[in-house]
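Chemist: query_32.cif (mmCIF, C-alpha atoms and all ligand atoms) pasted underneath:
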```
data_structure
loop_
_atom_site.label_atom_id
_atom_site.label_comp_id
_atom_site.auth_asym_id
_atom_site.auth_seq_id
_atom_site.Cartn_x
_atom_site.Cartn_y
_atom_site.Cartn_z
CA THR A 1 0.00 0.00 0.00
CA ALA A 2 1.26 3.45 -0.95
CA VAL A 3 2.09 5.72 1.95
CA PRO A 4 0.43 9.10 1.32
CA THR A 5 2.94 11.92 1.13
CA THR A 6 1.83 15.29 2.42
CA PHE A 7 3.22 18.63 1.35
CA LYS A 8 2.53 20.98 4.22
CA GLY A 9 1.80 24.46 2.90
CA LEU A 10 2.21 23.02 -0.65
CA ALA A 11 5.89 23.98 -0.30
CA GLY A 12 7.82 22.97 -3.39
CA VAL A 13 4.71 21.63 -5.17
CA VAL A 14 4.16 22.68 -8.78
CA VAL A 15 0.37 22.72 -9.18
CA ASP A 16 -0.05 24.08 -12.70
CA THR A 17 1.64 25.92 -15.56
CA THR A 18 1.43 29.67 -16.10
CA ALA A 19 2.60 32.05 -18.82
CA ILE A 20 2.17 35.20 -16.73
CA SER A 21 5.26 35.52 -14.55
CA LYS A 22 8.38 33.59 -13.73
CA VAL A 23 10.28 33.58 -10.45
CA VAL A 24 13.84 32.27 -10.52
CA PRO A 25 14.99 32.10 -6.90
CA GLU A 26 18.56 31.09 -7.80
CA THR A 27 19.16 34.32 -9.70
CA ASN A 28 16.72 36.45 -7.68
CA SER A 29 14.85 37.29 -10.84
CA LEU A 30 11.20 37.95 -11.57
CA THR A 31 9.75 38.51 -15.03
CA TYR A 32 6.24 39.49 -16.11
CA ARG A 33 5.47 38.03 -19.57
CA GLY A 34 9.23 37.78 -20.13
CA TYR A 35 10.22 41.29 -19.02
CA ALA A 36 12.35 41.80 -15.89
CA VAL A 37 10.41 43.73 -13.24
CA GLN A 38 13.31 46.14 -12.71
CA ASP A 39 13.13 47.11 -16.40
CA LEU A 40 9.38 47.54 -16.25
CA ALA A 41 9.72 49.67 -13.11
CA ALA A 42 12.36 51.84 -14.80
CA HIS A 43 10.63 52.35 -18.14
CA CYS A 44 6.88 51.77 -17.86
CA SER A 45 3.78 53.19 -16.28
CA PHE A 46 1.55 51.02 -14.11
CA GLU A 47 -1.10 51.15 -16.84
CA GLN A 48 1.36 49.65 -19.36
CA VAL A 49 2.17 46.85 -16.92
CA ALA A 50 -1.52 46.11 -16.31
CA TYR A 51 -2.05 45.91 -20.07
CA LEU A 52 0.97 43.61 -20.37
CA LEU A 53 -0.29 41.23 -17.66
CA TRP A 54 -3.75 40.94 -19.22
CA ASN A 55 -2.76 40.84 -22.88
CA GLY A 56 0.67 39.24 -22.92
CA GLU A 57 2.37 42.12 -24.77
CA LEU A 58 3.17 45.73 -23.96
CA PRO A 59 0.70 48.07 -25.69
CA THR A 60 1.50 50.09 -28.80
CA ASP A 61 0.96 53.85 -28.44
CA ALA A 62 -2.53 53.57 -29.93
CA GLU A 63 -3.45 50.60 -27.71
CA LEU A 64 -2.18 52.42 -24.64
CA THR A 65 -4.16 55.57 -25.44
CA LEU A 66 -7.35 53.55 -25.78
CA PHE A 67 -6.63 51.56 -22.62
CA MET A 68 -5.97 54.71 -20.61
CA GLN A 69 -9.15 56.33 -21.90
CA ARG A 70 -11.16 53.32 -20.83
CA GLU A 71 -9.49 53.17 -17.41
CA ARG A 72 -10.14 56.86 -16.79
CA ALA A 73 -13.77 56.52 -17.85
CA GLU A 74 -14.35 53.75 -15.28
CA ARG A 75 -12.92 55.49 -12.20
CA ARG A 76 -16.10 56.92 -10.79
CA ALA A 77 -17.79 55.09 -7.92
CA ASP A 78 -21.55 55.59 -7.98
CA ARG A 79 -23.34 57.04 -5.00
CA SER A 80 -24.59 53.68 -3.73
CA LEU A 81 -21.05 52.28 -3.61
CA LEU A 82 -19.66 55.36 -1.85
CA GLY A 83 -22.66 55.19 0.49
CA LEU A 84 -21.83 51.57 1.30
CA VAL A 85 -18.25 52.54 2.14
CA ALA A 86 -19.48 55.37 4.36
CA LYS A 87 -21.77 52.95 6.24
CA LEU A 88 -19.05 50.51 7.25
CA PRO A 89 -17.73 51.14 10.76
CA GLU A 90 -14.51 53.13 10.88
CA SER A 91 -13.26 50.59 13.38
CA CYS A 92 -13.05 47.96 10.61
CA HIS A 93 -9.82 47.39 8.75
CA PRO A 94 -9.69 49.14 5.34
CA MET A 95 -9.12 45.69 3.80
CA ASP A 96 -12.68 44.82 4.93
CA VAL A 97 -13.91 47.87 3.01
CA VAL A 98 -12.08 46.81 -0.14
CA ARG A 99 -13.31 43.22 0.20
CA THR A 100 -16.91 44.41 0.63
CA ALA A 101 -16.67 46.86 -2.29
CA ILE A 102 -15.53 44.15 -4.72
CA SER A 103 -18.27 41.84 -3.53
CA TYR A 104 -20.77 44.67 -4.09
CA LEU A 105 -19.49 45.29 -7.63
CA GLY A 106 -20.21 41.63 -8.38
CA ALA A 107 -23.71 41.84 -6.93
CA GLU A 108 -24.55 44.86 -9.06
CA ASP A 109 -23.07 43.51 -12.33
CA PRO A 110 -25.94 41.98 -14.37
CA ALA A 111 -23.35 40.04 -16.39
CA GLU A 112 -21.56 38.69 -13.29
CA ALA A 113 -21.69 35.12 -14.56
CA ASP A 114 -20.17 35.87 -17.99
CA ALA A 115 -16.67 34.43 -17.60
CA SER A 116 -15.48 34.81 -21.20
CA PRO A 117 -11.95 36.26 -21.41
CA THR A 118 -13.30 39.41 -23.07
CA ALA A 119 -15.89 39.96 -20.34
CA ASN A 120 -13.35 39.18 -17.63
CA ARG A 121 -10.83 41.65 -19.08
CA ALA A 122 -13.51 44.37 -19.06
CA LYS A 123 -14.48 43.54 -15.46
CA SER A 124 -10.81 43.54 -14.43
CA LEU A 125 -10.32 47.00 -15.91
CA ARG A 126 -13.44 48.25 -14.12
CA MET A 127 -12.18 46.87 -10.77
CA MET A 128 -8.68 48.30 -11.31
CA ALA A 129 -10.15 51.71 -12.20
CA VAL A 130 -12.66 52.05 -9.36
CA LEU A 131 -10.68 50.52 -6.48
CA PRO A 132 -8.41 53.57 -5.96
CA THR A 133 -11.54 55.74 -5.68
CA ILE A 134 -12.84 53.48 -2.89
CA VAL A 135 -9.51 53.20 -1.08
CA ALA A 136 -8.95 56.97 -1.20
CA ALA A 137 -12.51 57.80 -0.08
CA ASP A 138 -12.14 55.42 2.86
CA HIS A 139 -8.71 56.86 3.73
CA ARG A 140 -10.12 60.37 3.80
CA ARG A 141 -13.30 59.59 5.74
CA ARG A 142 -11.16 58.14 8.53
CA ARG A 143 -9.45 61.54 8.67
CA GLY A 144 -12.85 63.28 8.71
CA LEU A 145 -12.46 64.53 5.13
CA ASP A 146 -14.83 64.45 2.14
CA PRO A 147 -13.84 62.33 -0.86
CA VAL A 148 -11.94 63.88 -3.77
CA ALA A 149 -13.39 62.85 -7.14
CA PRO A 150 -11.17 61.06 -9.65
CA HIS A 151 -9.49 63.32 -12.17
CA HIS A 152 -9.57 62.56 -15.88
CA SER A 153 -6.33 64.24 -16.81
CA LEU A 154 -4.18 62.35 -14.29
CA GLY A 155 -2.40 59.02 -14.66
CA PHE A 156 -3.35 56.09 -12.41
CA ALA A 157 -0.73 56.75 -9.71
CA GLU A 158 -1.10 60.55 -9.72
CA ASN A 159 -4.87 60.31 -9.60
CA PHE A 160 -4.82 58.03 -6.56
CA LEU A 161 -2.38 60.30 -4.71
CA ASN A 162 -4.54 63.30 -5.60
CA MET A 163 -7.68 61.55 -4.33
CA CYS A 164 -5.92 60.72 -1.04
CA PHE A 165 -4.18 64.01 -0.33
CA GLY A 166 -6.09 66.59 -2.37
CA LYS A 167 -3.00 67.40 -4.44
CA VAL A 168 -0.53 65.61 -6.68
CA PRO A 169 2.77 65.27 -4.79
CA ASP A 170 6.20 65.98 -6.31
CA ALA A 171 7.31 63.86 -9.25
CA GLU A 172 9.83 61.92 -7.08
CA ILE A 173 7.02 60.70 -4.82
CA VAL A 174 4.72 59.82 -7.74
CA LYS A 175 7.53 57.84 -9.37
CA ALA A 176 8.37 55.90 -6.20
CA PHE A 177 4.70 55.12 -5.68
CA GLU A 178 4.31 53.93 -9.26
CA VAL A 179 7.41 51.72 -8.89
CA SER A 180 5.83 50.07 -5.84
CA LEU A 181 2.64 49.40 -7.82
CA ILE A 182 4.62 47.79 -10.64
CA LEU A 183 6.62 45.61 -8.23
CA TYR A 184 3.49 44.49 -6.34
CA ALA A 185 1.49 43.68 -9.48
CA GLU A 186 2.23 39.99 -9.93
CA HIS A 187 4.13 37.13 -8.29
CA SER A 188 3.13 33.70 -9.67
CA PHE A 189 1.28 31.29 -7.33
CA ASN A 190 1.43 33.27 -4.10
CA ALA A 191 -1.30 32.57 -1.51
CA SER A 192 -3.80 35.19 -2.68
CA THR A 193 -3.38 34.39 -6.38
CA PHE A 194 -3.75 30.72 -5.62
CA ALA A 195 -6.92 31.47 -3.64
CA ALA A 196 -8.29 33.32 -6.69
CA ARG A 197 -7.41 30.35 -8.92
CA VAL A 198 -9.07 27.88 -6.55
CA VAL A 199 -12.33 29.86 -6.64
CA THR A 200 -12.12 30.25 -10.43
CA SER A 201 -11.55 26.52 -10.81
CA THR A 202 -15.08 25.86 -9.52
CA MET A 203 -16.37 28.06 -12.39
CA SER A 204 -17.40 30.75 -9.93
CA ASP A 205 -17.27 34.41 -11.03
CA ILE A 206 -14.34 36.83 -11.11
CA TYR A 207 -15.65 39.03 -8.25
CA SER A 208 -15.91 36.03 -5.94
CA ALA A 209 -12.36 35.03 -6.87
CA VAL A 210 -10.99 38.54 -6.21
CA THR A 211 -12.91 38.75 -2.91
CA ALA A 212 -11.26 35.51 -1.80
CA ALA A 213 -7.85 36.82 -2.88
CA ILE A 214 -8.34 39.97 -0.80
CA GLY A 215 -9.10 37.80 2.22
CA ALA A 216 -5.87 35.87 1.67
CA LEU A 217 -3.79 38.99 1.15
CA LYS A 218 -5.00 40.55 4.39
CA GLY A 219 -3.00 38.20 6.60
CA PRO A 220 0.33 39.34 8.09
CA LEU A 221 2.23 36.41 6.56
CA HIS A 222 1.29 37.81 3.11
CA GLY A 223 0.24 41.37 2.23
CA GLY A 224 -0.38 42.52 5.79
CA ALA A 225 3.38 42.42 6.39
CA ASN A 226 3.95 45.93 4.97
CA GLU A 227 1.75 47.37 7.73
CA ALA A 228 3.42 45.27 10.42
CA VAL A 229 6.85 46.51 9.28
CA MET A 230 5.88 50.12 9.89
CA HIS A 231 4.29 49.38 13.25
CA ASP A 232 7.59 47.73 14.25
CA MET A 233 9.66 50.66 12.99
CA LEU A 234 7.54 53.13 14.93
CA GLU A 235 7.87 50.97 18.03
CA ILE A 236 11.67 51.02 17.61
CA GLY A 237 11.49 54.79 17.16
CA GLU A 238 15.18 55.61 16.65
CA PRO A 239 17.89 53.89 14.59
CA ASP A 240 20.18 53.45 17.60
CA ARG A 241 17.60 51.17 19.20
CA ALA A 242 17.21 48.98 16.09
CA GLU A 243 20.00 46.47 16.71
CA GLU A 244 18.93 45.71 20.26
CA TRP A 245 15.28 45.41 19.19
CA MET A 246 16.17 42.92 16.45
CA ARG A 247 18.39 40.87 18.79
CA GLY A 248 15.53 40.71 21.28
CA LYS A 249 13.07 39.48 18.65
CA LEU A 250 15.48 36.80 17.48
CA ALA A 251 16.34 35.70 21.03
CA ARG A 252 12.62 35.26 21.71
CA LYS A 253 12.32 33.35 18.41
CA GLU A 254 9.69 35.78 17.15
CA LYS A 255 9.15 36.28 13.43
CA VAL A 256 10.16 39.68 12.13
CA MET A 257 7.70 40.95 9.54
CA GLY A 258 9.17 42.02 6.22
CA PHE A 259 11.87 39.35 6.30
CA GLY A 260 12.03 35.93 4.68
CA HIS A 261 10.20 34.45 1.75
CA ARG A 262 8.83 31.06 0.81
CA VAL A 263 10.43 31.15 -2.63
CA TYR A 264 13.41 33.50 -2.41
CA LYS A 265 15.97 32.23 0.04
CA HIS A 266 18.84 34.50 -1.04
CA GLY A 267 16.95 37.79 -1.33
CA ASP A 268 13.77 39.09 -2.95
CA SER A 269 14.29 40.21 -6.57
CA ARG A 270 12.10 43.27 -6.05
CA VAL A 271 13.86 44.69 -3.01
CA PRO A 272 16.81 46.55 -4.62
CA THR A 273 14.47 48.53 -6.90
CA MET A 274 12.05 49.34 -4.07
CA LYS A 275 14.85 50.19 -1.67
CA GLU A 276 16.11 52.74 -4.18
CA ALA A 277 12.60 54.21 -4.44
CA PHE A 278 12.35 54.30 -0.62
CA ARG A 279 15.71 56.14 -0.47
CA ASP A 280 14.42 58.71 -2.97
CA VAL A 281 11.28 59.26 -0.92
CA ALA A 282 13.30 59.57 2.30
CA ALA A 283 15.66 62.11 0.72
CA HIS A 284 12.66 64.10 -0.40
CA THR A 285 10.76 64.01 2.90
CA ASP A 286 13.52 64.36 5.48
CA GLY A 287 13.06 60.70 6.34
CA GLU A 288 16.70 59.55 6.41
CA LYS A 289 16.40 58.16 9.91
CA TRP A 290 14.11 55.41 8.56
CA VAL A 291 16.73 54.47 5.97
CA ARG A 292 19.34 54.23 8.72
CA MET A 293 16.98 52.06 10.77
CA TYR A 294 16.28 49.88 7.71
CA ASP A 295 20.00 49.32 7.16
CA ILE A 296 20.64 48.36 10.79
CA LEU A 297 17.69 45.95 10.91
CA GLU A 298 18.73 44.38 7.61
CA LYS A 299 22.34 43.96 8.73
CA THR A 300 21.50 42.62 12.20
CA MET A 301 19.06 40.06 10.77
CA GLY A 302 21.47 39.13 7.96
CA ASP A 303 24.47 38.65 10.29
CA ALA A 304 22.46 36.59 12.78
CA THR A 305 20.39 34.38 10.43
CA GLY A 306 21.16 35.11 6.78
CA ILE A 307 17.46 35.94 6.25
CA LYS A 308 16.90 38.82 3.82
CA PRO A 309 14.17 41.48 3.59
CA ASN A 310 11.20 40.97 1.28
CA LEU A 311 9.35 43.64 -0.73
CA ASP A 312 7.16 44.62 2.23
CA PHE A 313 10.22 45.83 4.15
CA PRO A 314 11.01 48.88 1.96
CA THR A 315 7.39 49.58 0.97
CA GLY A 316 6.23 49.95 4.60
CA PRO A 317 8.40 52.98 5.46
CA ALA A 318 8.14 54.36 1.89
CA TYR A 319 4.34 54.51 2.12
CA TYR A 320 4.58 55.99 5.61
CA LEU A 321 6.83 58.80 4.36
CA MET A 322 4.48 59.42 1.43
CA GLY A 323 1.88 60.32 4.06
CA PHE A 324 -0.43 57.28 4.04
CA ASP A 325 -2.06 55.95 7.19
CA ILE A 326 -0.55 52.55 7.95
CA GLU A 327 -3.83 50.63 7.54
CA VAL A 328 -4.05 51.66 3.91
CA PHE A 329 -0.78 49.93 2.90
CA THR A 330 -2.39 46.57 2.18
CA PRO A 331 -5.35 48.07 0.25
CA ILE A 332 -2.71 49.75 -1.95
CA PHE A 333 -1.19 46.30 -2.50
CA VAL A 334 -4.70 45.18 -3.62
CA MET A 335 -4.94 48.10 -6.09
CA SER A 336 -1.82 46.74 -7.76
CA ARG A 337 -2.10 42.96 -7.33
CA ILE A 338 -5.64 42.94 -8.71
CA THR A 339 -3.98 43.07 -12.15
CA GLY A 340 -2.01 39.88 -11.47
CA TRP A 341 -4.96 38.12 -9.81
CA THR A 342 -7.26 38.82 -12.72
CA ALA A 343 -4.63 37.74 -15.27
CA HIS A 344 -4.47 34.42 -13.38
CA ILE A 345 -8.27 34.17 -13.17
CA ILE A 346 -8.46 34.56 -16.97
CA GLU A 347 -5.64 32.04 -17.47
CA GLN A 348 -7.24 29.54 -15.07
CA SER A 349 -10.62 29.74 -16.77
CA GLU A 350 -9.05 29.32 -20.22
CA SER A 351 -7.58 25.93 -19.28
CA ASN A 352 -9.51 24.89 -16.23
CA ALA A 353 -9.30 21.87 -13.98
CA LEU A 354 -11.08 21.86 -10.63
CA ILE A 355 -8.49 22.36 -7.86
CA ARG A 356 -9.28 19.72 -5.31
CA PRO A 357 -6.28 18.21 -3.50
CA LEU A 358 -6.28 15.25 -1.12
CA SER A 359 -5.57 15.04 2.56
CA GLU A 360 -4.11 12.36 4.78
CA TYR A 361 -6.55 11.46 7.54
CA THR A 362 -5.10 11.45 11.07
CA GLY A 363 -8.31 11.41 13.14
CA VAL A 364 -9.94 8.57 15.08
CA PRO A 365 -10.40 5.28 13.20
CA GLN A 366 -13.87 4.38 11.97
CA ARG A 367 -16.29 3.59 14.81
CA SER A 368 -19.99 2.90 15.33
CA VAL A 369 -22.60 5.36 16.47
CA VAL A 370 -24.15 4.11 19.70
CA ALA A 371 -27.83 5.05 19.60
N1 LIG A 401 11.76 36.31 11.08
C1 LIG A 401 12.44 35.41 11.82
N2 LIG A 401 12.70 34.17 11.41
C2 LIG A 401 12.23 33.81 10.21
C3 LIG A 401 11.53 34.70 9.39
C4 LIG A 401 11.30 35.98 9.86
N3 LIG A 401 10.62 36.86 9.13
N4 LIG A 401 11.19 34.08 8.24
C5 LIG A 401 11.66 32.85 8.33
N5 LIG A 401 12.30 32.68 9.52
C6 LIG A 401 12.93 31.45 10.01
C7 LIG A 401 11.86 30.58 10.64
O1 LIG A 401 11.70 30.86 12.02
C8 LIG A 401 12.39 29.21 10.39
O2 LIG A 401 13.38 28.92 11.33
P1 LIG A 401 13.58 27.43 11.92
O3 LIG A 401 13.92 26.58 10.72
O4 LIG A 401 14.68 27.58 12.90
O5 LIG A 401 12.25 27.06 12.52
C9 LIG A 401 13.05 29.34 9.02
O6 LIG A 401 13.42 30.71 8.91
C10 LIG A 401 12.12 28.95 7.87
O7 LIG A 401 10.94 29.74 7.99
P2 LIG A 401 9.48 29.25 7.59
O8 LIG A 401 8.50 30.17 8.21
O9 LIG A 401 9.33 27.79 7.83
O10 LIG A 401 9.57 29.45 6.04
P3 LIG A 401 8.37 29.72 5.10
O11 LIG A 401 8.85 29.44 3.74
O12 LIG A 401 7.12 29.07 5.56
O13 LIG A 401 8.22 31.30 5.38
C11 LIG A 401 7.28 33.39 5.32
C12 LIG A 401 7.91 32.28 4.51
C13 LIG A 401 7.10 34.60 4.39
C14 LIG A 401 5.90 32.93 5.82
C15 LIG A 401 8.18 33.76 6.51
O14 LIG A 401 9.45 34.14 6.06
C16 LIG A 401 7.56 34.86 7.37
O15 LIG A 401 6.70 34.58 8.22
N6 LIG A 401 7.99 36.14 7.17
C17 LIG A 401 7.39 37.25 7.87
C18 LIG A 401 6.11 37.70 7.18
C19 LIG A 401 6.37 38.46 5.91
O16 LIG A 401 7.22 39.33 5.85
N7 LIG A 401 5.58 38.15 4.87
C20 LIG A 401 5.67 38.79 3.58
C21 LIG A 401 6.11 37.83 2.56
S1 LIG A 401 6.64 38.55 1.01
C22 LIG A 401 5.38 39.54 0.43
C23 LIG A 401 4.12 38.83 0.21
O17 LIG A 401 4.07 37.76 -0.38
O18 LIG A 401 3.07 39.36 0.61
#
```
Is it possible to give me this structure as structure tokens?
Ligand code: CMC

Modeler:
Amino acid sequence: TAVPTTFKGLAGVVVDTTAISKVVPETNSLTYRGYAVQDLAAHCSFEQVAYLLWNGELPTDAELTLFMQRERAERRADRSLLGLVAKLPESCHPMDVVRTAISYLGAEDPAEADASPTANRAKSLRMMAVLPTIVAADHRRRRGLDPVAPHHSLGFAENFLNMCFGKVPDAEIVKAFEVSLILYAEHSFNASTFAARVVTSTMSDIYSAVTAAIGALKGPLHGGANEAVMHDMLEIGEPDRAEEWMRGKLARKEKVMGFGHRVYKHGDSRVPTMKEAFRDVAAHTDGEKWVRMYDILEKTMGDATGIKPNLDFPTGPAYYLMGFDIEVFTPIFVMSRITGWTAHIIEQSESNALIRPLSEYTGVPQRSVVA
């Protein structure tokens, strides 16, 4: 008799093929549709990257113009959706707001069940376009401020920053923010993407799949880590306390958020690009002390364990210095990763097989019910 083999956490298990992105841990590289993320971050807008993920190729000028027009036309949230956001308790996490908003968009879409690639691409664009409006409105209401309407003449990143802060920040900040969106957009079969693929594999709809993905991303072992990083940094307070803090965490065998990765064991391919963007933001906002703290934490962890930072480590303090409330960091991750999730949802539905693994039973042996 064959002994069942279990793969806790599916570590090392290849569950399907994908043509969307490739992670090569040995060389710390990540490509979207064949392009290195660093190159995309250096040369492209977030809109171009979204187009690439959904269509497999970067857009021509004419394709990009049309795509941007369509994205800008879909940004408005109707009054009922904004009213729903306003009704949710301010004590809830902003990820709950985002999760509820996507679920609502599904409920109000009369063509929710149409899962053709064309319909799913249109729905993906609608979700990508309207999410920033929701996230920004929620961010502002928690500060007691009225929402700022989306602006037609602004790019995706600029428009979101404008809706949050009531003005477009300096170009250095916009660029760093856009780089973070590009780096967060896609990462193969991570937990939230896999959750989206599992839901899609039952032939459920795209909104249900994205709602599930948001639930998976919320956890601190996944997207929630960027928030945890900044809470830790604020607790540390000053760079000269960073080494002792890290040694204490390690001595108590506590996990340090923003470090380690299931796939990358020698460093996260996205970190050097995001660290550079974080440095730019810090130089522009008088935030150098956070860079010094970053370096000390990275070095202390590296010397003691060899474990390297992941993308959430530089994005946490970068978003903080841009002026965002900490709880909005993971919703920003959603605004970006929704492009990758939906590319995977489309791919999964184009060559579907129900995802239904097995388990090894370890409970009590079969017994009789005594009436
Ligand atoms: N702090 C301290 N020790 C760690 C950390 C960490 N962040 N990450 C891994 N280790 C240690 C861990 O304690 C274990 O040690 P030992 O073998 O002595 O028990 C060893 O390294 C292997 O760790 P693991 O948790 O079994 O490895 P994994 O592949 O399951 O972990 C991880 C991946 C991301 C869950 C983990 O590194 C972690 O919890 N990191 C903190 C959370 C975090 O930053 N998450 C964001 C991930 S990247 C962005 C994203 O996908 O959203």

Chemist: Report, in Å with one decimal, the straight-line distance from atom CA of A:Leu40 to atom CA of A:Gly219.

Modeler: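 Answer for the atom CA of A:Leu40 to atom CA of A:Gly219 separation: 27.6 Å.
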
Chemist: I want to know what sits within 9 Å of stretch 238-245 of chain A, based on all atoms listed in the file, with residues of the same chain fewer than 2 positions away left out; could you give that as a list in words?

Modeler: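 Counting all atoms listed in the file, the residues come to Met233, Leu234, Glu235, Ile236, Arg247, Gly248, Lys249, Leu250, Lys289, Trp290, Val291, Arg292, Met293, Tyr294, Asp295, Ile296, Leu297, Lys299, Thr300 and Met301 of chain A.
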
Chemist: When the cut-off is 8 Å and you count all atoms listed in the file, which residues lie near ligand LIG 401 (chain A), shown as a PyMOL selection string?

Modeler: chain A and resi 9+11+187+190-191+217+220-226+229+249-250+253-263+305+307+309-313

Chemist: Counting all atoms listed in the file, which residue out of A:Asp268, A:Asp109, A:Asp96, A:Asp325 sits closest to A:Thr211?

Modeler: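 Checking each candidate against A:Thr211, we get A:Asp96 as the closest.
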
Chemist: Pick from A:Ser124, A:Leu30, A:Phe278, A:Val328: nearest to A:Cys92, with all atoms listed in the file counted?

Modeler: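 Between A:Ser124, A:Leu30, A:Phe278, A:Val328, the residue approaching A:Cys92 most closely is A:Val328.
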
Chemist: Which one is closest to A:Ile102: A:Ala137, A:Val179, A:Val14, A:Val334? Count only C-alpha atoms.

Modeler: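 Looking at the shortest contact to A:Ile102, the residue is A:Val334.
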
Chemist: Env of A:Thr285: 9 Å cut, atoms = all atoms listed in the file, seq-sep filter 3 positions within chain, self excluded. Answer as a list in words.

Modeler: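 With the cut-off at 9 Å, the set is Asp280, Val281, Ala282, Glu288, Leu321 and Met322 of chain A.
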
Chemist: Pick from A:Pro89, A:Gly34, A:Pro147, A:Pro314: nearest to A:Phe177, with all atoms listed in the file counted?

Modeler: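 Nearest candidate to A:Phe177 out of A:Pro89, A:Gly34, A:Pro147, A:Pro314: A:Pro314.
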
Chemist: Please fill the gaps in stretch 115-129 of chain A so it has N, CA and C atoms, and write that as a PDB file, in the coordinates of the input.

Modeler:
```pdb
ATOM      1  N   ALA A 115     -18.084  34.626 -17.932  1.00  0.00           N
ATOM      2  CA  ALA A 115     -16.670  34.430 -17.600  1.00  0.00           C
ATOM      3  C   ALA A 115     -15.806  34.324 -18.861  1.00  0.00           C
ATOM      4  N   SER A 116     -16.301  34.851 -20.003  1.00  0.00           N
ATOM      5  CA  SER A 116     -15.480  34.810 -21.200  1.00  0.00           C
ATOM      6  C   SER A 116     -14.267  35.715 -20.973  1.00  0.00           C
ATOM      7  N   PRO A 117     -13.130  35.419 -21.616  1.00  0.00           N
ATOM      8  CA  PRO A 117     -11.950  36.260 -21.410  1.00  0.00           C
ATOM      9  C   PRO A 117     -12.219  37.729 -21.713  1.00  0.00           C
ATOM     10  N   THR A 118     -13.008  38.012 -22.742  1.00  0.00           N
ATOM     11  CA  THR A 118     -13.300  39.410 -23.070  1.00  0.00           C
ATOM     12  C   THR A 118     -14.075  40.079 -21.942  1.00  0.00           C
ATOM     13  N   ALA A 119     -15.099  39.392 -21.441  1.00  0.00           N
ATOM     14  CA  ALA A 119     -15.890  39.960 -20.340  1.00  0.00           C
ATOM     15  C   ALA A 119     -15.009  40.109 -19.102  1.00  0.00           C
ATOM     16  N   ASN A 120     -14.190  39.110 -18.825  1.00  0.00           N
ATOM     17  CA  ASN A 120     -13.350  39.180 -17.630  1.00  0.00           C
ATOM     18  C   ASN A 120     -12.303  40.288 -17.717  1.00  0.00           C
ATOM     19  N   ARG A 121     -11.787  40.537 -18.927  1.00  0.00           N
ATOM     20  CA  ARG A 121     -10.830  41.650 -19.080  1.00  0.00           C
ATOM     21  C   ARG A 121     -11.530  42.985 -18.799  1.00  0.00           C
ATOM     22  N   ALA A 122     -12.761  43.118 -19.286  1.00  0.00           N
ATOM     23  CA  ALA A 122     -13.510  44.370 -19.060  1.00  0.00           C
ATOM     24  C   ALA A 122     -13.811  44.549 -17.570  1.00  0.00           C
ATOM     25  N   LYS A 123     -14.185  43.461 -16.898  1.00  0.00           N
ATOM     26  CA  LYS A 123     -14.480  43.540 -15.460  1.00  0.00           C
ATOM     27  C   LYS A 123     -13.201  43.853 -14.679  1.00  0.00           C
ATOM     28  N   SER A 124     -12.095  43.291 -15.110  1.00  0.00           N
ATOM     29  CA  SER A 124     -10.810  43.540 -14.430  1.00  0.00           C
ATOM     30  C   SER A 124     -10.455  45.011 -14.529  1.00  0.00           C
ATOM     31  N   LEU A 125     -10.642  45.578 -15.713  1.00  0.00           N
ATOM     32  CA  LEU A 125     -10.320  47.000 -15.910  1.00  0.00           C
ATOM     33  C   LEU A 125     -11.235  47.863 -15.027  1.00  0.00           C
ATOM     34  N   ARG A 126     -12.496  47.499 -14.962  1.00  0.00           N
ATOM     35  CA  ARG A 126     -13.440  48.250 -14.120  1.00  0.00           C
ATOM     36  C   ARG A 126     -12.980  48.193 -12.649  1.00  0.00           C
ATOM     37  N   MET A 127     -12.610  46.997 -12.171  1.00  0.00           N
ATOM     38  CA  MET A 127     -12.180  46.870 -10.770  1.00  0.00           C
ATOM     39  C   MET A 127     -10.896  47.659 -10.526  1.00  0.00           C
ATOM     40  N   MET A 128      -9.939  47.550 -11.465  1.00  0.00           N
ATOM     41  CA  MET A 128      -8.680  48.300 -11.310  1.00  0.00           C
ATOM     42  C   MET A 128      -8.954  49.795 -11.260  1.00  0.00           C
ATOM     43  N   ALA A 129      -9.902  50.269 -12.095  1.00  0.00           N
ATOM     44  CA  ALA A 129     -10.150  51.710 -12.200  1.00  0.00           C
ATOM     45  C   ALA A 129     -10.886  52.261 -10.977  1.00  0.00           C
TER      46      ALA A 129
END
```
